[in-house]
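Structure below is my_file14.csv: CSV, C-alpha atoms.
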```
chain,number,residue,atom,x,y,z
M,233,MET,CA,120.9,217.6,0.5
M,234,ALA,CA,124.7,217.8,0.9
M,235,LYS,CA,125.2,214.7,-1.2
M,236,ILE,CA,122.9,216.1,-3.9
M,237,ARG,CA,124.9,219.3,-4.0
M,238,ALA,CA,128.2,217.5,-4.0
M,239,CYS,CA,127.1,215.6,-7.1
M,240,GLN,CA,126.0,218.9,-8.7
M,241,ASN,CA,129.0,221.1,-7.9
M,242,GLN,CA,131.9,218.6,-8.4
M,243,ILE,CA,132.4,217.8,-12.1
M,244,ALA,CA,135.2,215.4,-12.8
M,245,ASP,CA,137.3,215.2,-16.0
M,246,PHE,CA,136.6,211.9,-17.6
M,247,THR,CA,138.7,212.5,-20.7
M,248,ASP,CA,141.7,211.5,-18.6
M,249,PRO,CA,141.3,208.1,-16.8
M,250,LYS,CA,144.1,209.1,-14.3
M,251,LYS,CA,142.7,212.5,-13.4
M,252,ASP,CA,140.3,213.3,-10.5
M,253,LEU,CA,140.3,209.7,-9.2
M,254,GLU,CA,139.4,210.6,-5.6
M,255,LEU,CA,136.6,212.9,-6.8
M,256,LYS,CA,135.2,210.3,-9.2
M,257,ASP,CA,135.2,207.7,-6.4
M,258,ASP,CA,133.5,210.1,-3.9
M,259,LYS,CA,130.9,211.2,-6.4
M,260,LYS,CA,130.1,207.6,-7.4
M,261,GLU,CA,129.7,206.7,-3.7
M,262,CYS,CA,127.3,209.7,-3.2
M,263,LEU,CA,125.2,208.7,-6.2
M,264,ILE,CA,124.9,205.1,-4.9
M,265,GLU,CA,123.9,206.3,-1.5
M,266,LEU,CA,121.2,208.5,-2.9
M,267,ILE,CA,119.8,205.6,-4.9
M,268,ASP,CA,119.8,203.4,-1.8
M,269,VAL,CA,117.9,206.1,0.1
M,270,LEU,CA,115.1,206.0,-2.4
M,271,ASP,CA,114.9,202.3,-2.0
M,272,GLU,CA,114.0,202.8,1.7
M,273,SER,CA,110.3,203.3,1.9
M,274,ASP,CA,110.3,204.7,5.4
M,275,ALA,CA,112.8,207.4,4.5
M,276,THR,CA,111.3,208.5,1.2
M,277,THR,CA,107.9,209.5,2.7
M,278,THR,CA,109.7,212.2,4.7
M,279,LEU,CA,112.6,213.1,2.5
M,280,LEU,CA,110.8,213.7,-0.8
M,281,VAL,CA,109.8,217.3,-0.2
M,282,ASP,CA,109.8,220.0,-2.8
M,283,LYS,CA,113.2,221.4,-1.8
M,284,VAL,CA,114.9,218.0,-2.1
M,285,LEU,CA,113.2,217.4,-5.5
M,286,THR,CA,114.2,220.9,-6.7
M,287,ASP,CA,117.9,220.3,-5.9
M,288,ALA,CA,117.8,216.7,-7.1
M,289,PHE,CA,116.4,217.6,-10.6
M,290,GLN,CA,118.8,220.5,-10.9
M,291,MET,CA,121.7,218.2,-10.2
M,292,ILE,CA,120.4,215.6,-12.6
M,293,GLY,CA,120.0,218.2,-15.3
M,294,ILE,CA,123.6,219.5,-14.8
M,295,ASN,CA,125.0,216.0,-15.1
M,296,LEU,CA,122.9,214.8,-18.1
M,297,PHE,CA,122.2,217.7,-20.3
M,298,ARG,CA,125.1,218.6,-22.6
M,299,ALA,CA,125.7,219.3,-26.2
M,300,PHE,CA,127.4,216.4,-27.9
M,301,ALA,CA,129.5,218.6,-30.2
M,302,ASN,CA,131.0,220.4,-27.2
M,303,LYS,CA,131.5,217.9,-24.3
M,304,SER,CA,133.7,220.2,-22.3
M,305,LYS,CA,130.9,222.7,-21.5
M,306,THR,CA,127.8,222.0,-19.5
M,307,LEU,CA,124.9,223.9,-21.0
M,308,SER,CA,121.6,225.1,-19.7
M,309,TYR,CA,118.3,223.7,-21.0
M,310,SER,CA,118.0,226.6,-23.5
M,311,GLU,CA,121.6,226.6,-24.5
M,312,ILE,CA,121.6,222.9,-25.3
M,313,LEU,CA,118.7,223.4,-27.7
M,314,GLU,CA,120.2,226.5,-29.4
M,315,ASN,CA,123.7,225.2,-29.8
M,316,LYS,CA,123.2,221.5,-30.4
M,317,LYS,CA,124.8,220.1,-33.5
M,318,THR,CA,124.1,216.5,-34.4
M,319,SER,CA,126.8,214.2,-35.6
M,320,ALA,CA,125.1,210.9,-36.2
M,321,VAL,CA,127.1,207.7,-36.6
M,322,ASP,CA,126.9,205.3,-39.4
M,323,PRO,CA,126.7,201.9,-37.6
M,324,ASP,CA,128.1,200.1,-40.6
M,325,GLU,CA,131.2,202.2,-40.9
M,326,ASP,CA,131.9,204.0,-37.6
M,327,GLU,CA,132.4,202.9,-34.1
M,328,PRO,CA,130.0,204.8,-31.7
M,329,HIS,CA,131.5,207.2,-29.2
M,330,LEU,CA,131.2,205.5,-25.8
M,331,GLU,CA,130.8,208.1,-23.0
M,332,GLU,CA,133.9,208.1,-20.8
M,333,SER,CA,131.7,209.3,-17.9
M,334,TRP,CA,129.2,206.4,-18.3
M,335,PRO,CA,129.8,204.9,-14.9
M,336,HIS,CA,128.5,208.1,-13.4
M,337,LEU,CA,125.9,208.9,-16.0
M,338,GLN,CA,124.4,205.4,-15.5
M,339,LEU,CA,123.9,206.1,-11.8
M,340,VAL,CA,122.3,209.5,-12.5
M,341,TYR,CA,119.9,207.8,-14.9
M,342,GLU,CA,119.1,205.2,-12.2
M,343,LEU,CA,118.5,208.0,-9.7
M,344,LEU,CA,116.1,209.8,-12.1
M,345,LEU,CA,114.3,206.5,-12.8
M,346,LYS,CA,113.8,206.0,-9.0
M,347,PHE,CA,112.3,209.5,-8.7
M,348,ILE,CA,110.0,209.0,-11.6
M,349,MET,CA,108.7,205.6,-10.4
M,350,SER,CA,108.5,206.5,-6.7
M,351,PRO,CA,105.0,205.8,-5.3
M,352,HIS,CA,105.7,208.5,-2.6
M,353,ILE,CA,105.7,211.5,-5.0
M,354,ARG,CA,102.3,212.8,-6.0
M,355,PRO,CA,101.9,213.5,-9.8
M,356,GLU,CA,101.2,217.2,-9.1
M,357,GLN,CA,104.3,217.4,-7.0
M,358,MET,CA,106.5,215.8,-9.7
M,359,ALA,CA,105.0,218.1,-12.3
M,360,LYS,CA,106.9,221.0,-10.9
M,361,HIS,CA,110.2,219.3,-11.6
M,362,LEU,CA,109.4,216.9,-14.5
M,363,ASN,CA,108.2,219.8,-16.6
M,364,LYS,CA,108.2,220.6,-20.3
M,365,SER,CA,111.6,222.3,-20.2
M,366,PHE,CA,113.2,219.2,-18.5
M,367,THR,CA,111.4,216.8,-20.8
M,368,LYS,CA,112.4,218.7,-23.9
M,369,SER,CA,116.1,218.6,-23.0
M,370,PHE,CA,115.8,215.0,-22.0
M,371,ILE,CA,114.4,214.0,-25.5
M,372,GLU,CA,117.3,215.9,-27.1
M,373,LEU,CA,119.7,213.5,-25.4
M,374,PHE,CA,118.5,210.7,-27.7
M,375,ASP,CA,121.2,211.9,-30.2
M,376,SER,CA,123.8,210.4,-28.0
M,377,GLU,CA,126.2,208.0,-29.8
M,378,ASP,CA,126.4,205.7,-26.8
M,379,PRO,CA,123.8,202.9,-27.3
M,380,ARG,CA,123.8,202.3,-23.5
M,381,GLU,CA,122.6,205.8,-22.9
M,382,ARG,CA,120.0,205.6,-25.5
M,383,ASP,CA,118.6,202.4,-24.0
M,384,TYR,CA,118.2,204.2,-20.6
M,385,LEU,CA,116.6,207.2,-22.3
M,386,LYS,CA,114.1,204.9,-24.1
M,387,THR,CA,113.2,203.1,-20.8
M,388,ILE,CA,112.8,206.3,-18.8
M,389,LEU,CA,110.7,208.1,-21.5
M,390,HIS,CA,108.5,205.0,-21.7
M,391,ARG,CA,107.9,205.4,-17.9
M,392,ILE,CA,107.3,209.1,-18.1
M,393,TYR,CA,104.8,208.6,-20.9
M,394,GLY,CA,103.0,205.8,-19.1
M,395,LYS,CA,102.8,207.4,-15.6
M,396,TYR,CA,102.3,211.1,-16.3
M,397,MET,CA,99.4,211.5,-18.7
M,398,VAL,CA,99.6,215.3,-18.6
M,399,LEU,CA,102.9,215.1,-20.4
M,400,ARG,CA,101.8,212.7,-23.1
M,401,PRO,CA,100.7,215.3,-25.7
M,402,PHE,CA,104.0,217.2,-25.2
M,403,VAL,CA,106.1,214.1,-25.5
M,404,LYS,CA,104.4,213.2,-28.8
M,405,GLU,CA,104.7,216.7,-30.1
M,406,GLN,CA,108.5,216.8,-29.3
M,407,ILE,CA,109.1,213.5,-31.0
M,408,MET,CA,107.0,214.6,-34.0
M,409,ASN,CA,109.0,217.9,-34.3
M,410,LEU,CA,112.3,216.0,-34.1
M,411,LEU,CA,111.2,213.6,-36.9
M,412,LEU,CA,110.0,216.5,-39.0
M,413,ARG,CA,113.5,218.0,-38.7
M,414,ILE,CA,115.0,214.8,-39.9
M,415,THR,CA,112.7,214.4,-42.9
M,416,GLN,CA,112.6,218.1,-44.0
M,417,ASP,CA,116.2,219.1,-43.3
M,418,ALA,CA,117.9,215.8,-44.1
M,419,GLU,CA,119.2,215.8,-40.5
M,420,ASN,CA,120.9,212.7,-39.1
M,421,HIS,CA,120.0,211.5,-35.7
M,422,ASN,CA,121.6,208.7,-33.6
M,423,GLY,CA,118.4,207.9,-31.6
M,424,LEU,CA,115.9,207.5,-34.4
M,425,THR,CA,115.6,203.8,-33.9
M,426,GLU,CA,114.8,204.2,-30.2
M,427,LEU,CA,112.3,207.0,-30.8
M,428,LEU,CA,110.5,204.9,-33.5
M,429,GLU,CA,110.3,202.0,-31.0
M,430,ILE,CA,108.6,204.4,-28.5
M,431,LEU,CA,106.2,205.6,-31.2
M,432,GLY,CA,105.5,201.9,-32.1
M,433,SER,CA,104.3,201.3,-28.5
M,434,ILE,CA,102.2,204.5,-28.7
M,435,THR,CA,100.6,203.8,-32.1
M,436,SER,CA,99.8,200.2,-31.2
M,437,GLY,CA,97.2,201.6,-28.8
M,438,LEU,CA,95.4,203.7,-31.3
M,439,THR,CA,91.9,202.8,-32.3
M,440,VAL,CA,90.1,203.2,-35.7
M,441,PRO,CA,88.8,205.4,-37.1
M,442,LEU,CA,92.0,207.4,-36.5
M,443,ARG,CA,91.6,210.9,-35.1
M,444,PRO,CA,92.6,213.7,-37.5
M,445,GLU,CA,95.8,214.6,-35.5
M,446,HIS,CA,96.8,210.9,-35.8
M,447,GLN,CA,96.2,210.8,-39.5
M,448,ASP,CA,98.3,214.0,-39.9
M,449,PHE,CA,101.1,212.3,-37.9
M,450,PHE,CA,101.2,209.3,-40.3
M,451,LYS,CA,101.0,211.4,-43.4
M,452,LYS,CA,103.4,214.2,-42.4
M,453,VAL,CA,105.9,212.4,-40.3
M,454,LEU,CA,106.0,208.6,-40.5
M,455,ILE,CA,105.4,208.1,-44.2
M,456,PRO,CA,107.9,210.7,-45.3
M,457,LEU,CA,110.6,209.0,-43.2
M,458,HIS,CA,110.7,206.3,-46.0
M,459,LYS,CA,112.4,208.9,-48.2
M,460,VAL,CA,115.3,209.8,-46.1
M,461,LYS,CA,118.8,208.7,-47.1
M,462,THR,CA,119.5,206.9,-43.8
M,463,LEU,CA,116.4,204.7,-44.1
M,464,ALA,CA,118.5,201.5,-44.0
M,465,SER,CA,119.9,202.4,-40.6
M,466,PHE,CA,116.6,202.3,-38.8
M,467,ASN,CA,114.2,200.4,-41.1
M,468,ALA,CA,114.2,196.7,-40.1
```
Rewrite the structure of this file - the entire thing - as structure tokens.
Amino acid sequence: MAKIRACQNQIADFTDPKKDLELKDDKKECLIELIDVLDESDATTTLLVDKVLTDAFQMIGINLFRAFANKSKTLSYSEILENKKTSAVDPDEDEPHLEESWPHLQLVYELLLKFIMSPHIRPEQMAKHLNKSFTKSFIELFDSEDPRERDYLKTILHRIYGKYMVLRPFVKEQIMNLLLRITQDAENHNGLTELLEILGSITSGLTVPLRPEHQDFFKKVLIPLHKVKTLASFNA
């Protein structure tokens, strides 16, 4: 619990590689130790109680959820959705912004993946923490310019979709809403390719005749994507 709270309360300044060096090393060590604990099956059966999960998911959210247009401020779930401004990168003209804090962000993603895939956490227990609010903010992170981060997001969202069936309709709804924003408002988005790859996996499992909601999805979301100006950036 102390290590989780240390990773939550201590935020290092990654914009300056020479600043907060001791804090960065300590936090990195804490995250690695937390990941190691989840690899020990004997320990996880007794440690993964609701209080630990509550603090762990709060820490994960504080470290991951941020508005890309304002990296200096950590936002709550609701704030990141209200204040988010997208700034997509043209892969043919611009260099993507690589997160300076990636050495820590990667460990936080690894920790989240360990929690999601742990066989010692019951689905109903996880549902209290891996809820709609968390999932919605998580999907918003796909607008990250860093391809390393988007790759982790894609992997983890695949695992969430595959393991927690209760969240499947919500995940599809959120991706659909995001794609509708892109088609209707001509909004750019850095993670469109990764989101379409996830949808490709989902739609490959559909059977015919298609249900009405699936027909609407193709007509209202996927087909109109062919009209957006950035088609060449995600249509292979």
Practice task
Would you please work out which residue, of M:Glu445, M:Asp417, M:Glu331, M:Asp378, is nearest to Leu457 in chain M when using only C-alpha atoms?
Solution key: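 Counting only C-alpha atoms, the residue closest to Leu457 in chain M is M:Asp417.
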Problem - Spatial neighbours of range 244-257 of chain M, 12 Å, only C-alpha atoms, chain gap at least 4 places, as a list in words - result: Ala238, Cys239, Gln240, Glu261, Cys262, Leu263, Ile264, Asn295, Lys303, Ser304, Lys305, Thr306, Leu330, Glu331, Glu332, Ser333, Trp334, Pro335, His336 and Leu337 of chain M
Exercise for the section: Work out how far CA of Pro355 in chain M is from CA of Leu285 in chain M, in Å to one decimal. Expected result: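 These atoms are spaced 12.7 Å apart.
Each of M:Asp271, M:Leu454, M:Leu431, M:His390 was compared to Thr415 in chain M using only C-alpha atoms, and M:Leu454 turns out to be the nearest.
From CA of Gln406 in chain M back to CA of Asn363 in chain M, the distance works out to 13.1 Å.
From CA of Leu345 in chain M back to CA of Thr387 in chain M, the distance works out to 8.8 Å.
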